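Engineer: Here you go, this is protein.txt (compact mmCIF, C-alpha atoms).
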# COMPACT_ATOMS: atom_id res chain seq x y z
CA MET A 1 15.39 44.42 11.56
CA ASN A 2 14.82 42.49 8.33
CA GLU A 3 11.38 41.82 6.84
CA THR A 4 11.44 38.04 7.39
CA PHE A 5 12.30 38.42 11.09
CA SER A 6 9.58 41.02 11.54
CA ARG A 7 6.92 38.88 9.93
CA ARG A 8 7.77 35.80 11.95
CA GLY A 9 7.86 37.85 15.13
CA PHE A 10 4.41 39.21 14.38
CA LEU A 11 3.03 35.76 13.61
CA LYS A 12 4.36 34.20 16.80
CA GLY A 13 3.11 37.14 18.87
CA ALA A 14 -0.35 36.87 17.34
CA ALA A 15 -0.31 33.10 17.84
CA ALA A 16 0.56 33.50 21.51
CA LEU A 17 -2.35 35.89 22.02
CA SER A 18 -4.65 33.46 20.22
CA ILE A 19 -3.70 30.51 22.44
CA ALA A 20 -4.00 32.64 25.58
CA HIS A 21 -7.52 33.59 24.53
CA SER A 22 -8.35 29.92 23.85
CA VAL A 23 -7.12 28.80 27.27
CA SER A 24 -9.12 31.58 28.94
CA ALA A 25 -12.26 30.59 27.06
CA MET A 26 -11.79 26.95 28.07
CA ALA A 27 -11.47 27.96 31.73
CA GLU A 28 -14.85 29.65 31.56
CA THR A 29 -16.54 26.54 30.21
CA SER A 30 -18.50 24.67 32.91
CA GLU A 31 -17.70 21.08 33.70
CA GLY A 32 -21.30 20.15 33.05
CA ASP A 33 -21.21 21.10 29.34
CA SER A 34 -22.30 18.34 26.97
CA ARG A 35 -19.46 16.48 25.28
CA LYS A 36 -21.60 15.30 22.38
CA GLY A 37 -20.73 16.52 18.93
CA ARG A 38 -17.19 17.64 19.74
CA THR A 39 -14.76 17.94 16.85
CA PHE A 40 -11.18 17.09 17.73
CA ALA A 41 -8.10 17.85 15.66
CA TYR A 42 -4.72 16.16 15.84
CA ALA A 43 -1.58 17.91 14.59
CA GLY A 44 1.52 15.90 13.78
CA CYS A 45 4.79 17.83 14.19
CA TYR A 46 8.43 17.43 13.31
CA THR A 47 10.82 16.80 16.18
CA GLY A 48 14.58 16.66 16.43
CA ALA A 49 16.63 17.77 13.44
CA VAL A 50 14.19 16.47 10.80
CA GLY A 51 12.14 18.92 8.80
CA ASP A 52 14.22 22.04 9.41
CA GLY A 53 13.03 22.37 12.96
CA SER A 54 13.01 20.83 16.42
CA ASN A 55 10.06 22.71 17.86
CA GLY A 56 7.47 19.93 17.90
CA LYS A 57 7.12 17.25 20.55
CA GLY A 58 4.78 14.79 18.83
CA ILE A 59 1.00 14.73 18.31
CA TYR A 60 -1.06 17.62 19.72
CA LEU A 61 -4.78 17.46 20.50
CA PHE A 62 -7.09 20.41 19.83
CA GLU A 63 -10.82 21.03 19.98
CA MET A 64 -12.39 22.93 17.10
CA ASP A 65 -15.09 25.56 17.60
CA PRO A 66 -17.67 24.71 14.89
CA HIS A 67 -18.91 28.31 14.75
CA THR A 68 -15.66 30.27 14.52
CA GLY A 69 -13.17 27.65 13.40
CA ALA A 70 -10.85 28.45 16.33
CA LEU A 71 -8.67 25.62 17.65
CA SER A 72 -8.19 25.27 21.41
CA LEU A 73 -5.16 23.33 22.61
CA LEU A 74 -6.11 20.50 24.96
CA LYS A 75 -2.79 18.72 25.41
CA LEU A 76 0.22 17.04 23.91
CA ALA A 77 -1.61 13.80 23.21
CA ALA A 78 1.44 11.69 22.44
CA GLU A 79 5.16 12.26 22.53
CA ALA A 80 6.54 10.77 19.34
CA ALA A 81 9.47 11.09 16.94
CA SER A 82 8.47 13.28 13.98
CA PRO A 83 4.91 12.02 13.37
CA SER A 84 4.82 13.97 10.11
CA TRP A 85 1.69 12.31 8.72
CA LEU A 86 -1.44 11.10 10.52
CA SER A 87 -4.44 9.10 9.37
CA LEU A 88 -7.57 7.90 11.17
CA ASP A 89 -9.11 4.55 10.28
CA PRO A 90 -12.66 4.67 8.82
CA SER A 91 -14.23 3.91 12.22
CA GLY A 92 -12.39 6.78 13.93
CA ARG A 93 -11.27 4.43 16.72
CA TYR A 94 -7.61 4.31 15.73
CA LEU A 95 -5.02 6.85 14.66
CA TYR A 96 -1.91 5.90 12.70
CA ALA A 97 1.26 7.99 12.51
CA ALA A 98 4.19 7.87 10.11
CA ASN A 99 7.32 8.61 12.14
CA GLU A 100 9.60 10.27 9.60
CA ILE A 101 12.89 9.04 10.98
CA THR A 102 15.71 6.84 9.70
CA ASN A 103 17.06 5.27 12.88
CA PHE A 104 14.38 2.76 13.85
CA ASP A 105 15.49 -0.86 13.56
CA GLY A 106 18.59 0.20 11.65
CA THR A 107 17.94 2.75 8.89
CA ASN A 108 14.16 2.48 8.76
CA GLY A 109 11.39 4.76 9.88
CA SER A 110 8.44 3.56 11.94
CA VAL A 111 4.65 3.51 12.05
CA SER A 112 2.69 3.86 15.29
CA ALA A 113 -0.86 2.83 16.13
CA TYR A 114 -2.96 4.67 18.74
CA ALA A 115 -6.35 3.95 20.25
CA VAL A 116 -8.62 7.02 20.23
CA ASP A 117 -10.86 7.89 23.18
CA ARG A 118 -13.90 9.17 21.29
CA THR A 119 -15.10 11.19 24.31
CA SER A 120 -11.92 12.99 25.36
CA GLY A 121 -9.81 12.67 22.21
CA ASP A 122 -6.99 11.12 24.25
CA LEU A 123 -4.56 8.76 22.53
CA ARG A 124 -3.15 5.50 23.85
CA LEU A 125 -0.14 3.98 22.09
CA ILE A 126 -0.86 0.42 20.99
CA ASN A 127 2.33 -0.50 19.14
CA THR A 128 5.06 0.69 16.78
CA VAL A 129 6.53 -1.26 13.87
CA SER A 130 9.23 -0.69 11.28
CA SER A 131 8.01 1.16 8.19
CA GLU A 132 10.33 -1.03 6.08
CA GLY A 133 12.11 2.00 4.65
CA GLY A 134 13.66 5.27 5.73
CA GLY A 135 11.74 8.48 6.30
CA PRO A 136 8.06 7.51 5.89
CA ALA A 137 6.35 10.66 4.62
CA TYR A 138 2.75 9.48 4.14
CA LEU A 139 0.33 6.82 5.26
CA THR A 140 -3.34 6.04 4.91
CA THR A 141 -5.76 3.15 5.42
CA ASP A 142 -7.76 1.25 2.85
CA ALA A 143 -11.50 1.89 2.62
CA ASP A 144 -12.36 -1.08 4.86
CA GLY A 145 -9.89 -0.24 7.61
CA LYS A 146 -8.04 -3.54 7.22
CA TYR A 147 -4.65 -2.26 6.03
CA VAL A 148 -2.32 0.71 6.36
CA PHE A 149 -0.32 1.82 3.33
CA VAL A 150 2.98 3.65 3.87
CA ALA A 151 5.25 5.60 1.49
CA ASN A 152 8.89 5.75 2.60
CA TYR A 153 10.40 8.86 1.06
CA ALA A 154 14.05 8.33 2.02
CA GLY A 155 13.82 4.59 1.40
CA GLY A 156 12.10 4.84 -1.99
CA SER A 157 9.68 2.10 -0.97
CA ILE A 158 6.06 1.40 -0.12
CA ALA A 159 4.70 -1.10 2.40
CA VAL A 160 1.37 -2.63 3.40
CA PHE A 161 0.55 -3.45 7.04
CA PRO A 162 -2.40 -5.49 8.31
CA ILE A 163 -4.55 -3.87 10.99
CA LEU A 164 -5.23 -6.44 13.69
CA ALA A 165 -8.42 -6.83 15.74
CA ASP A 166 -7.24 -4.48 18.51
CA GLY A 167 -6.12 -1.78 16.05
CA SER A 168 -2.45 -2.70 16.31
CA LEU A 169 -0.27 -3.13 13.24
CA GLY A 170 1.13 -6.46 12.19
CA ARG A 171 4.44 -6.81 10.38
CA ALA A 172 4.40 -5.67 6.77
CA CYS A 173 2.66 -8.15 4.52
CA ASP A 174 4.04 -6.56 1.34
CA VAL A 175 6.96 -4.26 0.50
CA HIS A 176 7.92 -2.77 -2.89
CA ARG A 177 11.03 -0.75 -3.63
CA ASP A 178 11.02 1.64 -6.57
CA SER A 179 13.86 1.09 -9.01
CA GLY A 180 15.02 2.61 -12.25
CA LEU A 181 16.17 5.95 -13.54
CA VAL A 182 15.42 9.23 -11.80
CA GLY A 183 14.33 12.47 -13.42
CA SER A 184 16.20 15.66 -14.18
CA THR A 185 17.25 18.06 -11.43
CA THR A 186 15.75 20.82 -13.57
CA PRO A 187 11.92 20.73 -13.64
CA THR A 188 10.35 20.85 -17.09
CA ASN A 189 7.49 23.15 -16.08
CA ALA A 190 8.89 25.27 -13.24
CA PRO A 191 8.29 29.05 -13.25
CA PRO A 192 10.97 31.29 -14.79
CA GLY A 193 13.92 31.74 -12.45
CA SER A 194 13.10 28.71 -10.31
CA PHE A 195 15.85 26.80 -8.52
CA ALA A 196 13.50 24.04 -7.31
CA TRP A 197 15.26 20.73 -7.83
CA SER A 198 15.00 18.61 -4.68
CA GLY A 199 14.39 14.88 -4.65
CA HIS A 200 15.86 13.80 -7.98
CA ASP A 201 18.92 12.06 -6.56
CA ALA A 202 17.15 8.71 -6.09
CA PRO A 203 13.67 7.15 -6.05
CA HIS A 204 11.48 8.82 -3.40
CA ALA A 205 8.02 7.37 -2.75
CA HIS A 206 5.98 10.30 -1.49
CA MET A 207 2.29 9.36 -1.27
CA ILE A 208 0.19 6.22 -1.39
CA LEU A 209 -3.59 5.68 -1.37
CA ALA A 210 -6.26 3.25 -2.46
CA ASP A 211 -8.72 4.32 -5.11
CA PRO A 212 -12.35 4.93 -4.04
CA LYS A 213 -13.38 1.39 -5.07
CA ASN A 214 -10.53 -0.16 -3.03
CA ARG A 215 -9.43 -2.13 -6.10
CA PHE A 216 -6.20 -0.33 -6.96
CA VAL A 217 -3.48 1.41 -4.98
CA LEU A 218 -1.62 4.38 -6.42
CA HIS A 219 1.66 5.88 -5.25
CA THR A 220 3.82 8.75 -6.41
CA ASP A 221 7.58 8.63 -6.78
CA LEU A 222 8.88 12.19 -6.79
CA GLY A 223 12.43 11.24 -7.80
CA GLN A 224 11.31 9.16 -10.76
CA ASP A 225 8.49 11.52 -11.83
CA ARG A 226 6.08 8.59 -11.86
CA ILE A 227 2.66 7.63 -10.57
CA TYR A 228 2.56 3.87 -9.99
CA VAL A 229 -0.66 1.84 -10.11
CA HIS A 230 -1.03 -1.51 -8.32
CA ARG A 231 -3.79 -4.07 -8.21
CA PHE A 232 -4.84 -4.63 -4.61
CA ASP A 233 -5.60 -8.10 -3.27
CA GLN A 234 -7.80 -7.25 -0.30
CA SER A 235 -7.73 -10.79 1.09
CA LYS A 236 -3.93 -10.95 1.37
CA GLY A 237 -2.88 -7.30 1.44
CA LYS A 238 -0.71 -7.84 -1.61
CA LEU A 239 0.04 -5.41 -4.44
CA SER A 240 0.82 -6.35 -8.03
CA PRO A 241 1.43 -4.17 -11.10
CA ALA A 242 -1.65 -2.98 -12.95
CA ALA A 243 -1.94 -3.48 -16.71
CA THR A 244 -0.16 -0.14 -17.08
CA PRO A 245 2.14 -0.20 -14.04
CA PHE A 246 3.01 3.50 -14.05
CA ILE A 247 2.60 6.75 -15.90
CA SER A 248 5.42 9.26 -16.27
CA LEU A 249 5.13 12.98 -15.72
CA PRO A 250 7.48 15.59 -17.24
CA THR A 251 11.03 15.04 -16.05
CA GLY A 252 12.02 16.93 -12.93
CA ASP A 253 8.48 18.07 -12.09
CA GLY A 254 8.21 15.81 -9.03
CA PRO A 255 4.71 14.37 -8.43
CA ARG A 256 4.02 14.66 -4.69
CA HIS A 257 0.36 14.18 -3.70
CA LEU A 258 -2.87 12.96 -5.32
CA ALA A 259 -6.56 13.68 -4.81
CA PHE A 260 -9.56 11.86 -6.25
CA HIS A 261 -12.75 13.65 -7.23
CA PRO A 262 -15.93 12.32 -5.53
CA ASN A 263 -17.03 10.84 -8.87
CA SER A 264 -14.04 8.43 -8.65
CA ARG A 265 -13.12 9.06 -12.30
CA TRP A 266 -11.08 12.23 -12.05
CA LEU A 267 -7.68 12.35 -10.38
CA TYR A 268 -5.47 15.37 -9.65
CA SER A 269 -1.72 15.26 -9.07
CA ILE A 270 0.35 18.11 -7.64
CA GLN A 271 4.00 18.41 -8.70
CA GLU A 272 6.34 19.75 -6.02
CA GLU A 273 9.22 21.16 -8.10
CA ALA A 274 7.15 22.41 -11.04
CA SER A 275 4.33 23.85 -8.90
CA THR A 276 1.76 22.37 -11.27
CA LEU A 277 -1.44 20.36 -11.12
CA THR A 278 -2.23 17.62 -13.63
CA PHE A 279 -5.78 16.42 -14.23
CA PHE A 280 -6.23 12.77 -15.26
CA HIS A 281 -9.13 10.68 -16.40
CA TYR A 282 -9.05 7.57 -14.21
CA ASP A 283 -10.50 4.21 -15.28
CA PRO A 284 -11.65 2.43 -12.09
CA SER A 285 -11.89 -0.91 -13.94
CA THR A 286 -8.23 -0.97 -15.04
CA GLY A 287 -6.51 1.70 -12.94
CA SER A 288 -5.28 3.46 -16.07
CA LEU A 289 -4.58 7.20 -16.12
CA ALA A 290 -4.99 9.54 -19.10
CA PRO A 291 -3.62 13.10 -18.68
CA GLN A 292 -6.00 15.89 -19.74
CA GLN A 293 -4.60 19.19 -18.42
CA THR A 294 -1.62 20.70 -16.62
CA ILE A 295 -1.98 24.07 -14.90
CA SER A 296 0.26 26.11 -12.59
CA THR A 297 -0.57 26.46 -8.90
CA LEU A 298 0.98 29.95 -8.97
CA PRO A 299 -0.17 33.32 -10.37
CA SER A 300 0.57 33.80 -14.07
CA ARG A 301 3.30 36.40 -13.51
CA PHE A 302 5.10 34.56 -10.72
CA THR A 303 8.87 34.06 -11.10
CA GLY A 304 11.35 32.38 -8.79
CA THR A 305 11.32 29.32 -6.57
CA SER A 306 8.31 27.73 -4.90
CA PHE A 307 7.54 24.17 -3.80
CA ALA A 308 3.95 22.93 -4.08
CA SER A 309 2.83 20.61 -1.28
CA GLY A 310 -0.79 19.49 -0.79
CA VAL A 311 -3.92 19.14 -2.90
CA ARG A 312 -7.53 18.57 -1.82
CA VAL A 313 -10.93 18.47 -3.51
CA SER A 314 -13.99 19.82 -1.69
CA ALA A 315 -16.55 17.23 -0.61
CA ASP A 316 -19.08 18.53 -3.14
CA GLY A 317 -16.52 18.18 -5.94
CA ARG A 318 -16.82 21.81 -7.06
CA PHE A 319 -13.46 23.19 -5.94
CA LEU A 320 -9.82 22.18 -5.63
CA TYR A 321 -7.24 23.68 -3.26
CA ALA A 322 -3.45 23.55 -3.60
CA ALA A 323 -0.69 24.74 -1.25
CA ASN A 324 2.44 26.61 -2.31
CA ARG A 325 5.51 26.77 -0.04
CA LEU A 326 7.81 29.81 -0.26
CA HIS A 327 4.99 31.59 -2.10
CA ASP A 328 3.05 30.67 1.07
CA THR A 329 -0.44 30.58 -0.41
CA ILE A 330 -3.43 28.34 -0.89
CA ALA A 331 -4.51 28.45 -4.54
CA VAL A 332 -8.20 28.00 -5.33
CA PHE A 333 -9.56 26.37 -8.50
CA SER A 334 -13.06 25.64 -9.72
CA ILE A 335 -13.63 22.17 -11.16
CA GLU A 336 -15.46 22.56 -14.44
CA SER A 337 -18.12 20.19 -15.78
CA ASP A 338 -15.49 18.19 -17.69
CA GLY A 339 -13.16 17.95 -14.68
CA SER A 340 -10.71 20.58 -15.89
CA LEU A 341 -9.44 23.26 -13.52
CA LYS A 342 -9.97 27.02 -13.65
CA TYR A 343 -7.76 29.24 -11.48
CA LEU A 344 -9.80 31.51 -9.20
CA GLY A 345 -7.07 33.10 -7.10
CA GLU A 346 -5.07 32.53 -3.94
CA VAL A 347 -4.87 33.59 -0.32
CA SER A 348 -1.81 34.03 1.89
CA THR A 349 -1.47 31.31 4.52
CA MET A 350 -0.46 34.05 7.00
CA GLY A 351 2.59 31.96 7.85
CA ASP A 352 5.70 30.29 6.51
CA TYR A 353 5.92 27.10 4.44
CA PRO A 354 2.49 25.38 4.44
CA ASN A 355 3.53 21.74 4.63
CA GLN A 356 -0.03 20.47 4.52
CA PHE A 357 -3.58 21.73 4.88
CA ASN A 358 -6.93 20.14 5.56
CA ILE A 359 -10.65 20.88 5.51
CA ASP A 360 -12.76 20.20 8.61
CA PRO A 361 -15.60 17.63 8.44
CA SER A 362 -18.27 20.33 8.03
CA GLY A 363 -16.53 21.75 4.98
CA ARG A 364 -16.68 25.26 6.44
CA PHE A 365 -13.04 25.79 7.40
CA LEU A 366 -9.61 25.16 5.94
CA TYR A 367 -6.48 24.91 8.11
CA ALA A 368 -2.92 25.51 6.91
CA CYS A 369 0.05 23.98 8.75
CA ASN A 370 2.78 26.60 8.43
CA ARG A 371 5.76 24.51 9.43
CA LYS A 372 8.49 27.13 9.54
CA SER A 373 6.51 29.77 11.44
CA ASP A 374 5.13 27.28 14.00
CA VAL A 375 1.48 28.16 13.51
CA ILE A 376 -1.74 26.70 12.10
CA THR A 377 -3.99 29.29 10.48
CA ALA A 378 -7.74 28.99 9.88
CA PHE A 379 -9.78 30.17 6.89
CA SER A 380 -13.50 30.19 6.27
CA ILE A 381 -14.69 28.66 2.99
CA ASP A 382 -17.38 30.34 0.91
CA ARG A 383 -19.41 27.31 -0.14
CA ASP A 384 -20.78 29.13 -3.21
CA THR A 385 -17.55 30.56 -4.63
CA GLY A 386 -14.95 28.30 -3.02
CA LEU A 387 -12.90 31.32 -1.98
CA LEU A 388 -11.10 31.57 1.36
CA THR A 389 -11.13 34.29 4.03
CA PHE A 390 -8.71 34.38 6.95
CA THR A 391 -10.62 34.03 10.23
CA GLY A 392 -7.95 35.80 12.27
CA HIS A 393 -7.24 32.62 14.24
CA TYR A 394 -3.59 31.66 14.71
CA THR A 395 -2.89 28.45 16.63
CA PRO A 396 0.72 28.09 17.76
CA VAL A 397 2.25 24.63 17.42
CA GLY A 398 5.89 23.80 16.79
CA SER A 399 6.91 22.62 13.31
CA ALA A 400 3.41 21.46 12.35
CA SER A 401 3.39 19.06 9.41
CA CYS A 402 -0.22 17.88 9.18
CA ILE A 403 -3.66 18.11 10.76
CA VAL A 404 -6.55 15.60 10.79
CA PHE A 405 -10.04 15.81 12.27
CA ALA A 406 -12.18 13.43 14.32
CA GLY A 407 -15.70 14.18 15.42
Would you encode the structure as structure tokens?
Structural biologist:
Amino acid sequence: MNETFSRRGFLKGAAALSIAHSVSAMAETSEGDSRKGRTFAYAGCYTGAVGDGSNGKGIYLFEMDPHTGALSLLKLAAEAASPSWLSLDPSGRYLYAANEITNFDGTNGSVSAYAVDRTSGDLRLINTVSSEGGGPAYLTTDADGKYVFVANYAGGSIAVFPILADGSLGRACDVHRDSGLVGSTTPTNAPPGSFAWSGHDAPHAHMILADPKNRFVLHTDLGQDRIYVHRFDQSKGKLSPAATPFISLPTGDGPRHLAFHPNSRWLYSIQEEASTLTFFHYDPSTGSLAPQQTISTLPSRFTGTSFASGVRVSADGRFLYAANRLHDTIAVFSIESDGSLKYLGEVSTMGDYPNQFNIDPSGRFLYACNRKSDVITAFSIDRDTGLLTFTGHYTPVGSASCIVFAG
């Protein structure tokens, strides 16, 4: 029996025991328990042949134990085609899903809107619209909950959708398609021996978000090695190029995701192929970016191939977390007084290929979505040091891509 098979077998066995324990604990809970203060979690999963797996069925609903961090499965909340990214609107009343497919309305993906039952966590589908590009990989709302922004990875485009009074999505009010040269298939800053090269065959919009002031919208294009900056007209939902319309990163490095610091003036970009983080000074009055530091997400002696995925900053702004796929770790950094990053160490995700991770609303737990081992793992966060400790909780869920919290 080879090592990979053994490890996956162990993980799935442990996950099955974990869910059995959760179901048993739920059965012992009396019907009269108070429902106030519940924290729900939604996991979006790949379905069909997309994402190297067909184990997911859509969006799963869990309840989080605020004391232990354990997730208890409540139900499959919505059957959906590869809802690989989820985002709640600021009010928490609506959930939006990017369906990472290429066969909706021709060759496009789709975006779905759901009403959230705040008491039970149940979802009700409101409507689904074309994402105006193939394979939407990311979506989020603006700060006021008036628009949804979508990045279409396969289509190399971004789109803006108005949120109507009932939470449904109108047709796209703006669409932009990235054009121009793509970067090298060899990353500039990859570790020695790396064969990471994906995504440099064409433009690939990967992430999009509004800045904290809701004045500018930024999006990454992994294929072009660019971060684009757009002025945002909040009255019309229109985007226009900022004074400096984009900034280029080293060729082949592949910018994937972004995270703002709570002070709104520091921005961090994670590069998928290079497995690096870049720290920028951000000017909220112009949207301009000035690079300050680039640091690896991997240990100093690492060699070989790894693909970085997600990046998040703690709510208090003291720590940054980054996920590594193939290396299968969450790297921990302290954020110094000048915004620069200092590597503190890493922890195994106890699974395979962490596609995304998230921190619960209390800031006490971090959850890694290990897509290829069909399990979400939970870690406690030391609020003083930022370091992570595995809680022992495995939550089985097929081909998990992302997790979001409502409570």
Engineer: Between A:Phe195, A:Tyr46, A:Tyr114, A:Phe319, which has the minimum distance to Ala137 (chain A) (counting all atoms listed in the file)?
Structural biologist: A:Tyr46
Engineer: Can you list, as a JSON list (two decimals) with C-alpha atoms, keeping the file's coordinate frame, every protein, DNA or RNA residue that comes within 9 Å of Ala205 (chain A) when you count all atoms listed in the file, leaving out same-chain residues fewer than 6 positions away?
Structural biologist:
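And here is the file that came out, around03.json:
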[["chain", "number", "residue", "atom", "x", "y", "z"],
["A", 136, "PRO", "CA", 8.06, 7.51, 5.89],
["A", 137, "ALA", "CA", 6.35, 10.66, 4.62],
["A", 138, "TYR", "CA", 2.75, 9.48, 4.14],
["A", 151, "ALA", "CA", 5.25, 5.60, 1.49],
["A", 152, "ASN", "CA", 8.89, 5.75, 2.60],
["A", 153, "TYR", "CA", 10.40, 8.86, 1.06],
["A", 154, "ALA", "CA", 14.05, 8.33, 2.02],
["A", 155, "GLY", "CA", 13.82, 4.59, 1.40],
["A", 156, "GLY", "CA", 12.10, 4.84, -1.99],
["A", 157, "SER", "CA", 9.68, 2.10, -0.97],
["A", 158, "ILE", "CA", 6.06, 1.40, -0.12],
["A", 177, "ARG", "CA", 11.03, -0.75, -3.63],
["A", 178, "ASP", "CA", 11.02, 1.64, -6.57],
["A", 219, "HIS", "CA", 1.66, 5.88, -5.25],
["A", 220, "THR", "CA", 3.82, 8.75, -6.41],
["A", 221, "ASP", "CA", 7.58, 8.63, -6.78],
["A", 222, "LEU", "CA", 8.88, 12.19, -6.79],
["A", 223, "GLY", "CA", 12.43, 11.24, -7.80],
["A", 224, "GLN", "CA", 11.31, 9.16, -10.76],
["A", 256, "ARG", "CA", 4.02, 14.66, -4.69]]
Engineer: Quick one: pull the distance between CA of Ala243 (chain A) and CA of Gly287 (chain A), Å, one decimal.
Structural biologist: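 Going from CA of Ala243 (chain A) over to CA of Gly287 (chain A) covers 7.9 Å.
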Engineer: Identify which of the residues A:Ser362, A:Thr349, A:Tyr343, A:Tyr94 lies closest to Ala165 (chain A), counting all atoms listed in the file when measuring atom-to-atom distances.
Structural biologist: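 Checking each candidate against Ala165 (chain A), we get A:Tyr94 as the closest.
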Engineer: Find the residues of region 307-375 of chain A that sit at most 9 Å from region 263-277 of chain A; for each, write down the nearest two atoms and how far apart they are in Å, to one decimal. Count all atoms listed in the file. Sort by chain, then by number going up, and give it as a Markdown table.
Structural biologist:
| residue | atom | partner | partner_atom | distance |
| --- | --- | --- | --- | --- |
| A:Phe307 | CA | A:Glu272 | CA | 5.1 |
| A:Ala308 | CA | A:Glu272 | CA | 4.4 |
| A:Ser309 | CA | A:Glu272 | CA | 6.0 |
| A:Gly310 | CA | A:Ile270 | CA | 7.1 |
| A:Val311 | CA | A:Ile270 | CA | 6.5 |
| A:Arg312 | CA | A:Tyr268 | CA | 8.7 |
| A:Val313 | CA | A:Tyr268 | CA | 8.8 |
| A:Gly317 | CA | A:Asn263 | CA | 7.9 |
| A:Ala322 | CA | A:Ile270 | CA | 7.8 |
| A:Asn324 | CA | A:Ser275 | CA | 7.4 |
| A:Gly339 | CA | A:Trp266 | CA | 6.6 |
| A:Leu341 | CA | A:Leu277 | CA | 8.8 |
Engineer: Find, counting only C-alpha atoms, the residue in A:Ile227, A:Gly398, A:Val347, A:Ile359 that gets nearest to Leu76 (chain A).
Structural biologist: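 Checking each of A:Ile227, A:Gly398, A:Val347, A:Ile359 against Leu76 (chain A), counting only C-alpha atoms, the winner is A:Gly398.
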Engineer: Which distance in Å separates CA of Ser288 (chain A) and CA of Thr244 (chain A), to one decimal?
Structural biologist: 6.3 Å
Engineer: Could you work out how far CA of Phe62 (chain A) lies from CA of Lys75 (chain A), giving the answer in Å with one decimal?
Structural biologist: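 That distance, rounded to one decimal, is 7.2 Å.
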Engineer: Hey, which of A:Ser348, A:Gln234, A:Thr377, A:Asn103 ends up closest to Lys146 (chain A)? Count all atoms listed in the file.
Structural biologist: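 Among A:Ser348, A:Gln234, A:Thr377, A:Asn103, it is A:Gln234 that comes nearest to Lys146 (chain A).
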Engineer: Using only C-alpha atoms, which protein or nucleic acid residues come within 10 Å of Pro262 (chain A)? Drop anything in the same chain fewer than 6 positions from it, and give the result as a PDB file with C-alpha atoms, in the frame of the given file.
Structural biologist:
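New file result18.pdb:
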ATOM      1  CA  PRO A 212     -12.350   4.930  -4.040  1.00  0.00           C
ATOM      2  CA  VAL A 313     -10.930  18.470  -3.510  1.00  0.00           C
ATOM      3  CA  SER A 314     -13.990  19.820  -1.690  1.00  0.00           C
ATOM      4  CA  ALA A 315     -16.550  17.230  -0.610  1.00  0.00           C
ATOM      5  CA  ASP A 316     -19.080  18.530  -3.140  1.00  0.00           C
ATOM      6  CA  GLY A 317     -16.520  18.180  -5.940  1.00  0.00           C
ATOM      7  CA  ARG A 318     -16.820  21.810  -7.060  1.00  0.00           C
TER       8      ARG A 318
END
Engineer: Considering all atoms listed in the file, can you say which of A:Pro299, A:Asn355, A:Asp201, A:Asp233 comes closest to Gly180 (chain A)?
Structural biologist: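 Of all the options, A:Asp201 lies closest to Gly180 (chain A).
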Engineer: Nearest residue to Thr329 (chain A) out of A:Leu388, A:Leu139, A:Ala290, A:Val160, using only C-alpha atoms?
Structural biologist: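 Between A:Leu388, A:Leu139, A:Ala290, A:Val160, the residue approaching Thr329 (chain A) most closely is A:Leu388.
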